[in-house]
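Here's the structure, in structure tokens; my notes come after.
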Amino acid sequence: MAASEPLPPSGRTVIPVAHGGLEAILREPAAPIAAAVVCHPHPLHGGTMNNNVVYRTAKALVDAGVAALRFNFRGVGGSTGQLAYLRARHPTLPLWIAGFSFGARVGLAVGAEDAEVTKLFGIGLALTMFDHRRLAGCTKPKAFVQGSEDEYGGRAAIEAAVAAMPEPKRLWVVDGASHLYPGHLDAYEAAAREAVAWLVAQV
């Protein structure tokens, strides 16, 4: 579907890419202030755009006035095509990237280096699995939400990682939550809303 075409009420669309198309859902507020790509966990571990954390992340963004595009990776591809789709659909809006787990690794790496991306939102950084050193020199606003008991990077690990990054940055830790936030999704969403509000306020 071309970026300029009206979306169905469900927000479902297919983004054309070289190998075919990526299934996606785009939710747009009435007067968006920015547009964000939301990247999901690793597809080989069952990650999809319908993951609970990804869904709630998109919801927090849309409720704050940010158009949110979540999509299904094919294999382990990147986010460049999705950014191009959002840029074509919203040519004047600031672009953000958000990602959860593997999606944070892919999305934040792209966002740190792409001059068009202005703000980054990382959730559940899998610090023991993925290298996030590309963020070490990134001076864009960066918000992070992590479970205190995350199996791939708990409180001490994420606090150390974020401390090593340049400002502006802010970290929210959800007490008692493990990587997928079971039993803590409401607390995650509350933290995500605060994180998005903080990003909105950064100029």
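Quick note on naming: the chains in the structure tokens go A, B, ... in the order shown, residues restart at 1 in each chain, and ligands are numbered from 1 in order of appearance.
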
Q) region 61-152 of chain A: which residues are helix (DSSP H, G or I) by DSSP, as a PyMOL selection string? A) chain A and resi 61-63+80-89+102-113+133-137

Give me a file of those residues, with N, CA, C and O atoms, as a compact mmCIF listing (two decimals), in the first residue's frame.
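Saved as result04.txt:
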# COMPACT_ATOMS: atom_id res chain seq x y z
N LEU A 61 2.48 5.63 22.87
CA LEU A 61 2.90 6.64 21.89
C LEU A 61 1.69 7.35 21.29
O LEU A 61 1.65 8.59 21.24
N VAL A 62 0.71 6.58 20.82
CA VAL A 62 -0.45 7.18 20.17
C VAL A 62 -1.22 8.07 21.14
O VAL A 62 -1.65 9.18 20.79
N ASP A 63 -1.37 7.62 22.37
CA ASP A 63 -2.09 8.43 23.37
C ASP A 63 -1.38 9.74 23.67
O ASP A 63 -2.00 10.70 24.11
N THR A 80 15.04 0.27 8.05
CA THR A 80 15.18 1.36 7.09
C THR A 80 13.93 1.54 6.25
O THR A 80 13.45 2.66 6.04
N GLY A 81 13.36 0.46 5.74
CA GLY A 81 12.17 0.57 4.89
C GLY A 81 10.98 1.14 5.64
O GLY A 81 10.19 1.91 5.08
N GLN A 82 10.86 0.81 6.92
CA GLN A 82 9.75 1.32 7.71
C GLN A 82 9.89 2.82 7.95
O GLN A 82 8.92 3.57 7.95
N LEU A 83 11.14 3.28 8.17
CA LEU A 83 11.37 4.72 8.33
C LEU A 83 11.02 5.47 7.04
O LEU A 83 10.43 6.55 7.09
N ALA A 84 11.38 4.88 5.89
CA ALA A 84 11.07 5.52 4.62
C ALA A 84 9.55 5.62 4.42
O ALA A 84 9.04 6.63 3.92
N TYR A 85 8.82 4.58 4.83
CA TYR A 85 7.36 4.59 4.72
C TYR A 85 6.78 5.71 5.59
O TYR A 85 5.92 6.48 5.14
N LEU A 86 7.25 5.81 6.83
CA LEU A 86 6.74 6.85 7.72
C LEU A 86 7.11 8.23 7.21
O LEU A 86 6.31 9.17 7.29
N ARG A 87 8.34 8.39 6.72
CA ARG A 87 8.75 9.69 6.19
C ARG A 87 7.88 10.10 5.02
O ARG A 87 7.47 11.26 4.90
N ALA A 88 7.54 9.14 4.14
CA ALA A 88 6.68 9.46 3.00
C ALA A 88 5.27 9.82 3.46
O ALA A 88 4.63 10.72 2.89
N ARG A 89 4.78 9.14 4.50
CA ARG A 89 3.42 9.41 4.97
C ARG A 89 3.34 10.69 5.80
O ARG A 89 2.34 11.40 5.77
N PHE A 102 15.20 -7.64 21.11
CA PHE A 102 15.89 -7.62 19.83
C PHE A 102 15.49 -6.38 19.02
O PHE A 102 16.32 -5.79 18.32
N GLY A 103 14.24 -5.98 19.13
CA GLY A 103 13.78 -4.78 18.43
C GLY A 103 14.51 -3.53 18.89
O GLY A 103 14.74 -2.61 18.11
N ALA A 104 14.89 -3.48 20.18
CA ALA A 104 15.69 -2.36 20.68
C ALA A 104 17.08 -2.39 20.09
O ALA A 104 17.64 -1.37 19.71
N ARG A 105 17.64 -3.59 19.98
CA ARG A 105 18.98 -3.72 19.42
C ARG A 105 19.01 -3.23 17.97
O ARG A 105 19.87 -2.47 17.57
N VAL A 106 18.03 -3.65 17.18
CA VAL A 106 17.98 -3.26 15.77
C VAL A 106 17.58 -1.79 15.63
O VAL A 106 18.24 -1.00 14.97
N GLY A 107 16.48 -1.44 16.27
CA GLY A 107 15.93 -0.09 16.10
C GLY A 107 16.84 1.00 16.62
O GLY A 107 17.05 2.02 15.96
N LEU A 108 17.40 0.82 17.82
CA LEU A 108 18.24 1.86 18.40
C LEU A 108 19.55 2.00 17.64
O LEU A 108 20.10 3.10 17.54
N ALA A 109 20.06 0.89 17.11
CA ALA A 109 21.28 0.98 16.30
C ALA A 109 21.04 1.81 15.04
O ALA A 109 21.86 2.66 14.67
N VAL A 110 19.89 1.58 14.39
CA VAL A 110 19.53 2.39 13.22
C VAL A 110 19.31 3.84 13.64
O VAL A 110 19.83 4.77 13.01
N GLY A 111 18.54 4.03 14.69
CA GLY A 111 18.18 5.38 15.11
C GLY A 111 19.35 6.21 15.58
O GLY A 111 19.38 7.43 15.38
N ALA A 112 20.34 5.57 16.19
CA ALA A 112 21.50 6.30 16.68
C ALA A 112 22.28 6.91 15.52
O ALA A 112 22.91 7.97 15.68
N GLU A 113 22.24 6.25 14.36
CA GLU A 113 23.09 6.67 13.24
C GLU A 113 22.33 7.38 12.12
O GLU A 113 22.94 8.05 11.29
N ARG A 133 26.75 -0.73 22.01
CA ARG A 133 27.79 0.31 22.08
C ARG A 133 27.55 1.46 21.10
O ARG A 133 28.14 2.52 21.26
N ARG A 134 26.69 1.25 20.10
CA ARG A 134 26.41 2.36 19.17
C ARG A 134 25.74 3.53 19.88
O ARG A 134 25.75 4.65 19.38
N LEU A 135 25.15 3.25 21.05
CA LEU A 135 24.51 4.33 21.80
C LEU A 135 25.52 5.14 22.60
O LEU A 135 25.18 6.20 23.13
N ALA A 136 26.76 4.68 22.69
CA ALA A 136 27.76 5.34 23.53
C ALA A 136 28.07 6.75 23.07
O ALA A 136 28.47 7.60 23.87
N GLY A 137 27.91 7.01 21.77
CA GLY A 137 28.18 8.34 21.26
C GLY A 137 26.94 9.08 20.81
O GLY A 137 27.04 10.14 20.19

message = as a list in words, please: the residues near Val117 (chain A) (cut-off 6 Å, only C-alpha atoms, same-chain neighbours under 3 positions excluded).
response = Leu95, Trp96, Gly111 and Asp114 of chain A

Write a file of the just-selected residues containing all heavy atoms, as a PDB file, in the first residue's frame.
ATOM      1  N   LEU A  95      10.892  11.986  13.377  1.00  0.00           N
ATOM      2  CA  LEU A  95      10.838  10.530  13.404  1.00  0.00           C
ATOM      3  C   LEU A  95      11.504   9.999  14.670  1.00  0.00           C
ATOM      4  O   LEU A  95      12.583  10.460  15.045  1.00  0.00           O
ATOM      5  CB  LEU A  95      11.543   9.942  12.179  1.00  0.00           C
ATOM      6  CG  LEU A  95      10.885  10.177  10.823  1.00  0.00           C
ATOM      7  CD1 LEU A  95      11.736   9.553   9.725  1.00  0.00           C
ATOM      8  CD2 LEU A  95       9.479   9.593  10.799  1.00  0.00           C
ATOM      9  N   TRP A  96      10.853   9.031  15.291  1.00  0.00           N
ATOM     10  CA  TRP A  96      11.389   8.354  16.461  1.00  0.00           C
ATOM     11  C   TRP A  96      11.529   6.867  16.138  1.00  0.00           C
ATOM     12  O   TRP A  96      10.881   6.362  15.223  1.00  0.00           O
ATOM     13  CB  TRP A  96      10.455   8.461  17.656  1.00  0.00           C
ATOM     14  CG  TRP A  96      10.106   9.816  18.151  1.00  0.00           C
ATOM     15  CD1 TRP A  96      10.363  11.037  17.569  1.00  0.00           C
ATOM     16  CD2 TRP A  96       9.389  10.108  19.354  1.00  0.00           C
ATOM     17  NE1 TRP A  96       9.850  12.040  18.329  1.00  0.00           N
ATOM     18  CE2 TRP A  96       9.248  11.505  19.435  1.00  0.00           C
ATOM     19  CE3 TRP A  96       8.852   9.307  20.364  1.00  0.00           C
ATOM     20  CZ2 TRP A  96       8.596  12.122  20.499  1.00  0.00           C
ATOM     21  CZ3 TRP A  96       8.196   9.903  21.421  1.00  0.00           C
ATOM     22  CH2 TRP A  96       8.079  11.306  21.494  1.00  0.00           C
ATOM     23  N   GLY A 111      18.537   4.028  14.688  1.00  0.00           N
ATOM     24  CA  GLY A 111      18.182   5.377  15.113  1.00  0.00           C
ATOM     25  C   GLY A 111      19.352   6.209  15.580  1.00  0.00           C
ATOM     26  O   GLY A 111      19.380   7.432  15.383  1.00  0.00           O
ATOM     27  N   ASP A 114      21.009   7.237  12.078  1.00  0.00           N
ATOM     28  CA  ASP A 114      20.214   7.857  11.024  1.00  0.00           C
ATOM     29  C   ASP A 114      19.904   9.305  11.407  1.00  0.00           C
ATOM     30  O   ASP A 114      19.251   9.566  12.411  1.00  0.00           O
ATOM     31  CB  ASP A 114      18.914   7.074  10.826  1.00  0.00           C
ATOM     32  CG  ASP A 114      18.140   7.505   9.593  1.00  0.00           C
ATOM     33  OD1 ASP A 114      18.043   8.723   9.339  1.00  0.00           O
ATOM     34  OD2 ASP A 114      17.614   6.626   8.884  1.00  0.00           O
TER      35      ASP A 114
END

Checklist entry - Excluding same-chain residues fewer than 2 positions from region 142-147 of chain A, what lies within 6 Å of it counting only C-alpha atoms, as a list in words? => result Leu120, Phe121, Gly122, Ile123, Gly124, Glu149, Asp150, Lys169, Arg170, Leu171, Trp172, Val173, Val174, Ala177, Ser178 and Ala195 of chain A

Save out the residues we just selected, C-alpha atoms, as a JSON list (two decimals), in the first residue's frame.
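Produced file selection.json, reproduced below:
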[["chain", "number", "residue", "atom", "x", "y", "z"],
["A", 120, "LEU", "CA", 14.98, 6.81, 20.84],
["A", 121, "PHE", "CA", 12.94, 4.62, 23.18],
["A", 122, "GLY", "CA", 14.44, 1.30, 24.28],
["A", 123, "ILE", "CA", 12.56, -1.34, 26.26],
["A", 124, "GLY", "CA", 14.02, -4.51, 27.74],
["A", 149, "GLU", "CA", 14.68, -8.71, 37.30],
["A", 150, "ASP", "CA", 15.25, -8.81, 33.53],
["A", 169, "LYS", "CA", 18.77, 10.20, 28.76],
["A", 170, "ARG", "CA", 16.39, 8.78, 31.36],
["A", 171, "LEU", "CA", 15.76, 5.31, 32.76],
["A", 172, "TRP", "CA", 12.62, 3.81, 34.33],
["A", 173, "VAL", "CA", 12.98, 0.47, 36.17],
["A", 174, "VAL", "CA", 9.83, -1.61, 36.76],
["A", 177, "ALA", "CA", 9.46, -7.39, 36.37],
["A", 178, "SER", "CA", 11.35, -9.93, 34.28],
["A", 195, "ALA", "CA", 8.97, 7.80, 29.19]]

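Taking only C-alpha atoms into account, Ala126 (chain A) lies nearest to A:Leu180 out of the set A:Ala31, A:Ala190, A:Ala67, A:Leu180.
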
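Minimum atom-to-atom distances from A:Phe100, A:Phe130, A:Trp198, A:Phe71 to Pro168 (chain A) were compared using only C-alpha atoms, and the lowest value belongs to A:Trp198.
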
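Across A:His179, A:Ala201, A:Glu167, A:Asn50, the tightest approach to Glu23 (chain A) is made by A:Asn50 when counting only C-alpha atoms.
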
Exercise. Output as a VMD selection string all residues of region 33-129 of chain A that backbone DSSP marks as strand (DSSP E).
Key: chain A and resid 34 to 39 66 to 71 95 to 100 117 to 123

Restricting it to N, CA, C and O atoms, dump the selection as a CSV table (one decimal), in the first residue's frame.
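Output contents, as saved in selection_4.csv:
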chain,number,residue,atom,x,y,z
A,34,ALA,N,4.6,13.6,16.1
A,34,ALA,CA,5.8,12.9,15.7
A,34,ALA,C,5.3,11.5,15.1
A,34,ALA,O,4.1,11.2,15.2
A,35,ALA,N,6.2,10.8,14.6
A,35,ALA,CA,5.9,9.4,14.0
A,35,ALA,C,7.0,8.5,14.5
A,35,ALA,O,8.2,8.8,14.4
A,36,ALA,N,6.6,7.3,15.0
A,36,ALA,CA,7.6,6.4,15.5
A,36,ALA,C,7.4,5.0,14.9
A,36,ALA,O,6.3,4.5,14.7
A,37,VAL,N,8.6,4.3,14.6
A,37,VAL,CA,8.6,2.9,14.3
A,37,VAL,C,8.8,2.2,15.6
A,37,VAL,O,9.7,2.5,16.4
A,38,VAL,N,8.0,1.1,15.8
A,38,VAL,CA,8.1,0.3,17.0
A,38,VAL,C,8.6,-1.1,16.6
A,38,VAL,O,7.8,-1.8,15.8
A,39,CYS,N,9.8,-1.6,17.0
A,39,CYS,CA,10.3,-2.8,16.6
A,39,CYS,C,10.1,-3.9,17.6
A,39,CYS,O,10.3,-3.7,18.8
A,66,VAL,N,1.7,10.6,19.2
A,66,VAL,CA,2.7,10.1,18.2
A,66,VAL,C,2.2,9.0,17.4
A,66,VAL,O,1.7,8.0,17.9
A,67,ALA,N,2.2,9.2,16.0
A,67,ALA,CA,1.8,8.1,15.2
A,67,ALA,C,2.7,6.9,15.4
A,67,ALA,O,4.0,7.1,15.4
A,68,ALA,N,2.2,5.7,15.5
A,68,ALA,CA,3.0,4.5,15.8
A,68,ALA,C,2.8,3.4,14.8
A,68,ALA,O,1.7,3.0,14.6
A,69,LEU,N,4.0,3.1,14.1
A,69,LEU,CA,4.0,2.0,13.1
A,69,LEU,C,4.7,0.8,13.7
A,69,LEU,O,5.8,0.8,14.0
A,70,ARG,N,3.9,-0.3,13.9
A,70,ARG,CA,4.5,-1.6,14.3
A,70,ARG,C,4.4,-2.5,13.1
A,70,ARG,O,3.4,-2.4,12.4
A,71,PHE,N,5.3,-3.4,13.0
A,71,PHE,CA,5.4,-4.3,11.8
A,71,PHE,C,6.0,-5.6,12.1
A,71,PHE,O,6.6,-5.7,13.2
A,95,LEU,N,10.9,12.0,13.4
A,95,LEU,CA,10.8,10.5,13.4
A,95,LEU,C,11.5,10.0,14.7
A,95,LEU,O,12.6,10.5,15.0
A,96,TRP,N,10.9,9.0,15.3
A,96,TRP,CA,11.4,8.4,16.5
A,96,TRP,C,11.5,6.9,16.1
A,96,TRP,O,10.9,6.4,15.2
A,97,ILE,N,12.4,6.2,16.9
A,97,ILE,CA,12.4,4.7,16.9
A,97,ILE,C,12.3,4.2,18.3
A,97,ILE,O,12.9,4.7,19.2
A,98,ALA,N,11.4,3.2,18.5
A,98,ALA,CA,11.2,2.5,19.7
A,98,ALA,C,11.4,1.0,19.4
A,98,ALA,O,11.2,0.5,18.3
A,99,GLY,N,11.9,0.3,20.4
A,99,GLY,CA,12.1,-1.2,20.2
A,99,GLY,C,12.2,-1.9,21.5
A,99,GLY,O,12.6,-1.4,22.5
A,100,PHE,N,11.7,-3.2,21.5
A,100,PHE,CA,11.7,-4.0,22.7
A,100,PHE,C,12.6,-5.2,22.4
A,100,PHE,O,12.5,-5.9,21.4
A,117,VAL,N,16.3,10.4,12.4
A,117,VAL,CA,15.7,9.9,13.6
A,117,VAL,C,16.1,10.9,14.8
A,117,VAL,O,17.3,11.1,15.0
A,118,THR,N,15.1,11.4,15.5
A,118,THR,CA,15.4,12.4,16.5
A,118,THR,C,15.4,11.9,17.9
A,118,THR,O,16.1,12.5,18.8
A,119,LYS,N,14.6,10.9,18.2
A,119,LYS,CA,14.5,10.4,19.6
A,119,LYS,C,14.4,8.9,19.6
A,119,LYS,O,13.9,8.2,18.7
A,120,LEU,N,14.9,8.3,20.7
A,120,LEU,CA,15.0,6.8,20.8
A,120,LEU,C,14.3,6.4,22.1
A,120,LEU,O,14.4,7.0,23.2
A,121,PHE,N,13.6,5.2,22.0
A,121,PHE,CA,12.9,4.6,23.2
A,121,PHE,C,13.3,3.1,23.2
A,121,PHE,O,12.8,2.4,22.3
A,122,GLY,N,14.0,2.7,24.2
A,122,GLY,CA,14.4,1.3,24.3
A,122,GLY,C,13.8,0.6,25.5
A,122,GLY,O,13.8,1.1,26.6
A,123,ILE,N,13.2,-0.6,25.2
A,123,ILE,CA,12.6,-1.3,26.3
A,123,ILE,C,13.2,-2.7,26.3
A,123,ILE,O,13.4,-3.4,25.3

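Take the candidates A:Leu125, A:Lys140, A:Asp186, A:Asp131 and check each one against Glu159 (chain A) using only C-alpha atoms; the shortest distance goes to A:Leu125.
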
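Taking CA of Ala60 (chain A) and CA of Arg193 (chain A) as endpoints, the distance between them is 5.2 Å.
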
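Taking CA of Ala192 (chain A) and CA of Tyr55 (chain A) as endpoints, the distance between them is 11.3 Å.
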
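Considering only C-alpha atoms, the residue among A:Gly47, A:Pro41, A:Pro182, A:Gly65 positioned nearest to Pro29 (chain A) is A:Gly65.
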
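Distances from A:Leu93, A:Val203, A:Ala156, A:Ile25 to Met49 (chain A) were compared using only C-alpha atoms, and the smallest one belongs to A:Ile25.
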